[in-house]
Each structure stands twice: as C-alpha cells, then as structure tokens.
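Q: Here's a structure for you.
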Amino acid sequence: MTGKYQHAGVRRCDRTGDGVTLIGPGWISEQSLTVTALPSSVEGVLVLRVVGEVDLATVGCLREQLHHYIPGEHRGMVLDCTGVSFLAACGIGLLVETAEQARADGMTLRLVAQSRLVQRALEVTLADLVIPRASTVAEAVAQCAG
C-alpha cells in the first residue's frame with residue numbers, strides 16, 4: 001500500500017506527557033489520535049481533548065482511554081472533539097457506548113464537536129439523539145457542573 005494508509009507492522013498506544021498518542025493496529029503515525037486530559041475550571045469535571053481521526057485504526061486505543069475514566073471519580077466529563085477531523089461508524093458506536101456507560105454510572109457527559117463532518121455523521125446515524133452535546137467546552141463544563 002502507498003500513501004496515508006501504509007502498513008507499519010506495529011500496534012502502539014504511546015503515553016507522552018499529559019496525553020496519549022494513539023496509533024492503531026499496524027498503521028503509520030499519519031493516522032494518529034491524541035487524547036489529552038485537561039484541567040477544568042470546575043472541580044469534579046474532566047475535559048478530554050481528542051484530536052485526529054477516529055476510525056478502525058484508532059478506536060481501540062481510544063476506547064481504552066475513555067474506559068479508564070468511566071466509571072471514575074468525576075461527576076462530569078467533557079469530550080472536546082473539536083480537533084476530530086474524521087469520525088467513522090466505529091467511533092460513533094464508541095461515543096454512544098461511552099454516553100450510555102456514563103449515564104449508567106451517574107456521570108454527566110457532554111460532547112463538543114464543531115466540525116460539520118463530525119456533526120453530520122452524528123446526525124445521520126441519529127447518535128446525536130443519544131449523545132448530549134454542547135457548543136463550546138465552557139458551556140459543556142457548566143452543564144456538567146449544574
């Protein structure tokens with residue numbers, strides 16, 4: 001194969017500093033995803049910034065990161081997906097699964113996504129009816145606090 005989806009023969013979830021660089025099963029780092037836990041202005045609310053493409057190559061490591069925080073000590077979690085450039089069906093499934101798990105554990109979850117591509121993917125699959133969204137991270141944090 002050539003181009004963006006060249007096989008590298010490795011599977012890694014590399015922890016780097018505050019975040020995690022996720023590289024899926026056998027794909028080069030051009031198709032990477034970062035998940036960074038950020039401090040929130042409200043105690044008990046966690047903000048996770050997700051940047052990159054959420055697809056079959058990265059969804060497994062993203063699942064590991066999300067499940068690390070749910071269930072957890074936080075009463076609310078904001079998934080800042082404003083840096084997500086692609087959201088495959090498997091990623092939508094993971095977001096629905098995460099929203100349902102958070103709800104079952106009594107945790108408030110909000111998704112922030114501004115990309116038209118990501119918003120459209122959520123609308124077409126009706127996942128937007130299951131995954132609570134906010135327009136901005138600040139709005140999402142306020143909703144999780146209240």
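Naming works like this for the structure tokens: A, B, ... for the chains as they're shown, residue 1 at the start of each chain, ligands 1 onward in shown order.
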Hey, what does DSSP flag as strand (DSSP E) within region 56-140 of chain A? Can you give it to me as a ChimeraX atom specification?

A: /A:76-87,108-112,133-134

Q: Taking C-alpha atoms for each residue, export the selection above as a PDB file, in the first residue's frame.

A:
```pdb
ATOM      1  CA  GLY A  76     -18.856  15.008  34.736  1.00  0.00           C
ATOM      2  CA  MET A  77     -16.788  14.540  31.608  1.00  0.00           C
ATOM      3  CA  VAL A  78     -16.463  16.735  28.539  1.00  0.00           C
ATOM      4  CA  LEU A  79     -15.233  15.147  25.315  1.00  0.00           C
ATOM      5  CA  ASP A  80     -13.717  18.008  23.350  1.00  0.00           C
ATOM      6  CA  CYS A  81     -13.800  16.639  19.811  1.00  0.00           C
ATOM      7  CA  THR A  82     -13.275  19.982  18.082  1.00  0.00           C
ATOM      8  CA  GLY A  83      -9.971  18.588  16.767  1.00  0.00           C
ATOM      9  CA  VAL A  84     -11.507  15.408  15.330  1.00  0.00           C
ATOM     10  CA  SER A  85     -11.207  15.521  11.543  1.00  0.00           C
ATOM     11  CA  PHE A  86     -12.919  12.190  10.770  1.00  0.00           C
ATOM     12  CA  LEU A  87     -15.425  10.060  12.678  1.00  0.00           C
ATOM     13  CA  THR A 108     -22.812  13.744  33.194  1.00  0.00           C
ATOM     14  CA  LEU A 109     -21.210  13.590  29.742  1.00  0.00           C
ATOM     15  CA  ARG A 110     -21.119  16.298  27.091  1.00  0.00           C
ATOM     16  CA  LEU A 111     -19.605  16.165  23.607  1.00  0.00           C
ATOM     17  CA  VAL A 112     -18.265  19.266  21.887  1.00  0.00           C
ATOM     18  CA  ARG A 133     -23.745  17.913  23.031  1.00  0.00           C
ATOM     19  CA  ALA A 134     -22.715  21.462  23.815  1.00  0.00           C
TER      20      ALA A 134
END
```

Q: Please identify all polymer residues within 10 Å of region 91-107 of chain A, counting only C-alpha atoms, omitting same-chain residues fewer than 2 positions from it, and present them as a PyMOL selection string.

A: chain A and resi 45+53-56+58-60+62-63+66-67+69-77+79+86-89+109-111+118+121-122+125-132+144

Q: As an exercise, work out the distance from CA of Val50 (chain A) to CA of Val137 (chain A) in Å and give it to one decimal place.

A: 12.3 Å

Q: Would you compute the distance between CA of Leu117 (chain A) and CA of Val51 (chain A)? Give it in Å to one decimal.

A: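 If I compute the distance from CA of Leu117 (chain A) to CA of Val51 (chain A), I get 14.1 Å.
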
Q: Just to confirm, what's the straight-line distance from CA of Gln119 (chain A) to CA of Glu43 (chain A) in Å (one decimal)?

A: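 A separation of 28.4 Å between them.
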
Q: Of the candidates A:Val124, A:Ala57, A:Ala142, A:Arg116, which one gets nearest to Ser41 (chain A) if we count only C-alpha atoms?

A: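 Of the candidates, the smallest distance to Ser41 (chain A) is held by A:Ala142.
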
Q: Compare A:Leu46, A:Val35, A:Ala113, A:Ala145 by their minimum atom-to-atom distance to Glu64 (chain A), counting only C-alpha atoms, and give me the closest one.

A: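 Ranked by minimum distance to Glu64 (chain A), first place goes to A:Val35.
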
Q: List every residue of region 46-107 of chain A that DSSP, applied to the backbone of this structure, places in alpha helix (DSSP H), and write the result as a ChimeraX atom specification.

A: /A:59-69,89-104
